[in-house]
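Note sheet for the following structure.
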Amino acid sequence: MHPALLAIAAVVSSFLLYDLSGMFFKKKWDLRGKHCYVTGGTAGLGLALAIKLTKSGANVSIVARNQERLDKALKELEAVRQSPDQILKVYSYSVHTSAAAEASLEAACKPYGGRAPDALFLCAGTARPGFFVEQDEASLKQSFDEIYWLSAFPALAASKRIARESESEAKGKKIVFVSSVLGYFSMVGYSTYAPAKFALRGLAETLQSELQLYGVGVHIFFPGTIFSPGLDTENKTKPKVTLKIEESDDGMSPERWADELLKGVRDGDFHVAGDFIGKVFRSATRGASPSTRSWIVDFVFLLIGVFAIPPWRKGVDKTVKAHIPEHREYLAERGLGPL
């Protein structure tokens, strides 16, 4: 073999061995005894995650607004308690404002001497699909209230608390945001939802850099369709053309998505994508974001994206254009079409 080819093969082999050694020998994140603060933990992904955290031996604090649903969630956590020493609590707070988020964190941290949680899982959020022309000032602002601020304010409160801690106390803590695969791309029907999910990515990108000052890890999750009561609610207002585009979407249960989220965080991934589509878009739209530990896998998904995404996008656009006549009728029925 030519000496240059031998040199290239040696370099690639070295990177491959390094990659595999990280996959198999890297120390995993141990949840036992960790305090995990979970927003949106009374249903869907948040509840599934809180249950899995409890099963892993973590101390869990769920924050949500509805006390009845909180009480029900607490019973589910108690049913899978691993130790009598575990601290499992629920707190009825809205985190739509900075003051409310700080109050929720103050209450959740009290049993731990005021120390910031070891991990924040910010799962709260609501989708209200619809056409952009149907929106108004109130609905556009509401989407950020129900998605972006629900995560940004708790993250801000936790960051301020962490900054006051000693280096040894802060090091190793985590803030985990939940975006969506629609934080990588968007399409018809998600004019209020996707912008807020994109904004969460921007916040996570910034904090991934800034919170290294305290030794804090930042992660952001990009799940696809989650089969939950929330999806049923979304589909009531989702445009027919959006439903048509999504009809072949496999989706997964909240439990399976929660598994993928925890796996990604344990592996130290910044962008966590739990299915094939998410991994393709993660690699194809990564920009300057840190790659996963398995850079070779990322490269393979990047190659797939280069060839698969353009025809997929053309197919989506073709479906949208085919709905023009139906859309005109829809607008006319609602008084939004031509006069």
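Labels used: A, B, ... for chains in the order of the structure tokens, numbers from 1 for residues in each chain, and numbers from 1 for ligands as shown.
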Quiz prompt | Neighbour list for Gly202 in chain A as number ranges by chain, cut-off 10 Å, only C-alpha atoms, skip fewer than 6 positions in-chain | solution = A: 183, 196, 208
Self-check item: Residue list (alpha helix (DSSP H), DSSP) for range 81-309 of chain A, as JSON, numbers by chain
Solution: {"A": [98, 99, 100, 101, 102, 103, 104, 105, 106, 107, 108, 109, 137, 138, 139, 140, 141, 142, 143, 144, 145, 146, 148, 149, 150, 151, 152, 153, 154, 155, 156, 157, 158, 159, 160, 161, 162, 163, 167, 168, 169, 170, 193, 194, 195, 196, 197, 198, 199, 200, 201, 202, 203, 204, 205, 206, 207, 208, 209, 210, 229, 230, 231, 232, 233, 234, 235, 236, 237, 240, 241, 242, 243, 244, 245, 246, 254, 255, 256, 257, 258, 259, 260, 261, 262, 263, 264, 265, 266, 276, 277, 278, 279, 280, 281, 282, 283, 284, 295, 296, 297, 298, 299, 300, 301, 302, 303, 304, 305, 306, 307, 308, 309]}
Please, could you write that set of residues out with C-alpha atoms as a short mmCIF file (atom, residue, chain, number, x, y, z; two decimals), in the first residue's frame?
data_model
loop_
_atom_site.label_atom_id
_atom_site.label_comp_id
_atom_site.auth_asym_id
_atom_site.auth_seq_id
_atom_site.Cartn_x
_atom_site.Cartn_y
_atom_site.Cartn_z
CA SER A 98 -38.84 35.02 36.60
CA ALA A 99 -40.21 35.54 40.11
CA ALA A 100 -42.35 32.38 39.95
CA ALA A 101 -39.45 30.33 38.61
CA GLU A 102 -37.22 31.56 41.44
CA ALA A 103 -39.92 30.73 43.99
CA SER A 104 -40.34 27.21 42.61
CA LEU A 105 -36.60 26.62 42.76
CA GLU A 106 -36.37 28.05 46.27
CA ALA A 107 -39.03 25.58 47.46
CA ALA A 108 -37.49 22.61 45.62
CA CYS A 109 -33.98 23.36 46.95
CA GLU A 137 -50.38 39.33 18.60
CA ALA A 138 -51.75 37.46 21.62
CA SER A 139 -51.25 33.96 20.17
CA LEU A 140 -47.72 34.74 18.97
CA LYS A 141 -46.74 35.96 22.42
CA GLN A 142 -48.55 33.05 24.08
CA SER A 143 -46.43 30.53 22.20
CA PHE A 144 -43.24 31.93 23.72
CA ASP A 145 -44.89 32.11 27.14
CA GLU A 146 -45.80 28.42 26.87
CA TYR A 148 -39.46 29.47 25.65
CA TRP A 149 -40.03 31.32 28.91
CA LEU A 150 -41.12 28.13 30.69
CA SER A 151 -37.54 26.92 30.24
CA ALA A 152 -35.57 30.16 30.16
CA PHE A 153 -36.77 31.44 33.55
CA PRO A 154 -36.01 28.24 35.54
CA ALA A 155 -32.64 28.02 33.78
CA LEU A 156 -31.91 31.63 34.74
CA ALA A 157 -32.89 31.07 38.37
CA ALA A 158 -30.75 27.93 38.56
CA SER A 159 -27.76 29.61 36.90
CA LYS A 160 -27.83 32.47 39.41
CA ARG A 161 -27.98 29.97 42.27
CA ILE A 162 -25.14 27.88 40.80
CA ALA A 163 -22.96 30.97 40.34
CA GLU A 167 -16.52 25.37 42.40
CA SER A 168 -16.79 21.88 43.88
CA GLU A 169 -20.54 22.24 44.52
CA ALA A 170 -21.34 23.51 41.01
CA TYR A 193 -44.36 26.36 17.91
CA ALA A 194 -41.14 26.03 15.91
CA PRO A 195 -39.81 29.58 16.48
CA ALA A 196 -39.91 29.06 20.26
CA LYS A 197 -38.20 25.68 19.91
CA PHE A 198 -35.53 27.27 17.69
CA ALA A 199 -35.08 29.94 20.38
CA LEU A 200 -34.45 27.25 22.98
CA ARG A 201 -31.65 25.93 20.81
CA GLY A 202 -30.13 29.42 20.72
CA LEU A 203 -30.30 29.66 24.50
CA ALA A 204 -28.79 26.20 24.95
CA GLU A 205 -25.97 27.01 22.50
CA THR A 206 -25.10 30.10 24.54
CA LEU A 207 -25.29 28.39 27.92
CA GLN A 208 -23.29 25.39 26.72
CA SER A 209 -20.46 27.85 26.25
CA GLU A 210 -21.05 30.15 29.22
CA PRO A 229 -52.48 13.16 25.40
CA GLY A 230 -50.73 16.35 24.31
CA LEU A 231 -50.52 15.03 20.75
CA ASP A 232 -54.26 14.36 20.71
CA THR A 233 -54.85 17.98 21.73
CA GLU A 234 -52.46 19.27 19.05
CA ASN A 235 -54.17 17.29 16.33
CA LYS A 236 -57.50 19.00 17.02
CA THR A 237 -56.18 22.26 15.56
CA LYS A 240 -54.99 18.92 7.31
CA VAL A 241 -51.91 19.51 5.18
CA THR A 242 -49.69 19.12 8.25
CA LEU A 243 -51.44 15.90 9.21
CA LYS A 244 -50.91 14.67 5.64
CA ILE A 245 -47.16 15.38 5.79
CA GLU A 246 -46.91 13.63 9.15
CA PRO A 254 -43.03 9.04 26.20
CA GLU A 255 -41.19 6.18 27.91
CA ARG A 256 -39.03 5.42 24.88
CA TRP A 257 -38.23 9.09 24.35
CA ALA A 258 -37.32 9.42 28.03
CA ASP A 259 -34.89 6.51 27.61
CA GLU A 260 -33.26 8.24 24.66
CA LEU A 261 -33.02 11.53 26.55
CA LEU A 262 -31.31 9.94 29.54
CA LYS A 263 -28.97 7.95 27.31
CA GLY A 264 -27.86 11.09 25.50
CA VAL A 265 -27.30 13.01 28.73
CA ARG A 266 -25.41 10.09 30.27
CA PHE A 276 -33.03 8.20 12.97
CA ILE A 277 -34.63 11.37 11.57
CA GLY A 278 -33.44 13.45 14.51
CA LYS A 279 -29.87 12.18 14.13
CA VAL A 280 -29.86 13.01 10.41
CA PHE A 281 -31.03 16.57 11.03
CA ARG A 282 -28.70 16.93 14.03
CA SER A 283 -25.69 16.11 11.90
CA ALA A 284 -26.86 18.08 8.85
CA TRP A 295 -18.05 11.68 15.65
CA ILE A 296 -17.83 8.87 13.09
CA VAL A 297 -21.53 8.13 13.52
CA ASP A 298 -22.27 11.85 13.17
CA PHE A 299 -20.33 11.91 9.91
CA VAL A 300 -22.32 8.97 8.55
CA PHE A 301 -25.60 10.71 9.40
CA LEU A 302 -24.28 13.88 7.78
CA LEU A 303 -23.69 11.99 4.53
CA ILE A 304 -27.20 10.56 4.72
CA GLY A 305 -28.60 14.05 5.24
CA VAL A 306 -26.74 15.50 2.27
CA PHE A 307 -28.49 13.07 -0.07
CA ALA A 308 -31.82 12.48 1.71
CA ILE A 309 -32.94 15.89 2.98
#
Quiz item: range 197-322 of chain A: which residues are strand (DSSP E) by DSSP, as a ChimeraX atom specification?
Solution: /A:217-221,271-272
For N, CA and C atoms, I'd like the residues from the last selection saved as an mmCIF file, in the first residue's frame.
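Saved file result-v2.cif follows:
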data_model
loop_
_atom_site.group_PDB
_atom_site.id
_atom_site.type_symbol
_atom_site.label_atom_id
_atom_site.label_comp_id
_atom_site.auth_asym_id
_atom_site.auth_seq_id
_atom_site.Cartn_x
_atom_site.Cartn_y
_atom_site.Cartn_z
ATOM 1 N N GLY A 217 -22.814 21.167 32.815
ATOM 2 C CA GLY A 217 -23.109 20.620 31.502
ATOM 3 C C GLY A 217 -24.483 21.055 31.026
ATOM 4 N N VAL A 218 -24.585 21.401 29.753
ATOM 5 C CA VAL A 218 -25.865 21.793 29.157
ATOM 6 C C VAL A 218 -26.177 20.827 28.025
ATOM 7 N N HIS A 219 -27.435 20.401 27.971
ATOM 8 C CA HIS A 219 -27.889 19.465 26.940
ATOM 9 C C HIS A 219 -29.222 19.960 26.402
ATOM 10 N N ILE A 220 -29.524 19.623 25.157
ATOM 11 C CA ILE A 220 -30.828 19.955 24.592
ATOM 12 C C ILE A 220 -31.327 18.781 23.768
ATOM 13 N N PHE A 221 -32.580 18.408 24.008
ATOM 14 C CA PHE A 221 -33.187 17.214 23.427
ATOM 15 C C PHE A 221 -34.100 17.616 22.275
ATOM 16 N N HIS A 271 -26.301 18.014 21.836
ATOM 17 C CA HIS A 271 -27.548 17.806 21.099
ATOM 18 C C HIS A 271 -27.931 16.335 21.232
ATOM 19 N N VAL A 272 -29.093 16.068 21.803
ATOM 20 C CA VAL A 272 -29.550 14.688 21.976
ATOM 21 C C VAL A 272 -30.709 14.450 21.018
#
Quiz prompt | Counting only C-alpha atoms, the option among A:Val316, A:Ala58, A:Leu211, A:Val176 closest to Val188 in chain A | solution = A:Val316
Quiz item: Do you know which residues are at most 9 Å from Phe131 in chain A counting only C-alpha atoms, after dropping those on the same chain fewer than 6 positions away, and could you put them as a PyMOL selection string?
Solution: chain A and resi 188-192+238-239
List as a tab-separated table (two decimals) with N, CA and C atoms, in the first residue's frame the protein and nucleic acid residues near Tyr112 in chain A, meaning an atom at most 12 Å away when only C-alpha atoms are counted, but skip any in the same chain fewer than 5 places from it.
chain	number	residue	atom	x	y	z
A	33	GLY	N	-29.03	9.38	44.24
A	33	GLY	CA	-28.85	10.45	45.20
A	33	GLY	C	-28.81	11.84	44.62
A	34	LYS	N	-28.90	11.97	43.29
A	34	LYS	CA	-28.90	13.27	42.65
A	34	LYS	C	-30.28	13.92	42.79
A	35	HIS	N	-30.29	15.24	42.95
A	35	HIS	CA	-31.55	15.97	43.00
A	35	HIS	C	-31.91	16.44	41.60
A	36	CYS	N	-33.02	15.94	41.08
A	36	CYS	CA	-33.46	16.29	39.74
A	36	CYS	C	-34.76	17.09	39.79
A	59	ASN	N	-33.35	11.70	43.60
A	59	ASN	CA	-34.34	12.48	44.34
A	59	ASN	C	-35.03	13.38	43.33
A	60	VAL	N	-36.34	13.39	43.29
A	60	VAL	CA	-37.06	14.06	42.21
A	60	VAL	C	-38.01	15.12	42.75
A	61	SER	N	-37.94	16.31	42.15
A	61	SER	CA	-38.88	17.39	42.44
A	61	SER	C	-39.62	17.73	41.15
A	87	ILE	N	-35.89	11.41	48.25
A	87	ILE	CA	-36.78	12.54	48.49
A	87	ILE	C	-37.60	12.78	47.22
A	105	LEU	N	-37.92	27.18	42.50
A	105	LEU	CA	-36.60	26.62	42.76
A	105	LEU	C	-36.24	26.75	44.24
A	106	GLU	N	-36.62	27.86	44.85
A	106	GLU	CA	-36.37	28.05	46.27
A	106	GLU	C	-37.04	26.94	47.09
A	107	ALA	N	-38.30	26.63	46.74
A	107	ALA	CA	-39.03	25.58	47.46
A	107	ALA	C	-38.40	24.21	47.21
A	117	PRO	N	-30.28	22.28	42.20
A	117	PRO	CA	-30.43	20.87	41.82
A	117	PRO	C	-29.21	20.37	41.05
A	118	ASP	N	-28.97	19.08	41.13
A	118	ASP	CA	-27.89	18.48	40.35
A	118	ASP	C	-28.24	18.47	38.86
Quiz item: Hey, which of A:Leu77, A:Ala43, A:Val38, A:Ile51 ends up closest to Ile175 in chain A? Count only C-alpha atoms.
Solution: A:Val38
Exercise. Would you please work out which residue, of A:Met187, A:Cys123, A:Gly130, A:Leu88, is nearest to Lys314 in chain A when using only C-alpha atoms?
Key: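 Of all the options, A:Met187 lies closest to Lys314 in chain A.
Here CA of Val95 in chain A stands at a distance of 25.0 Å from CA of Gln212 in chain A.
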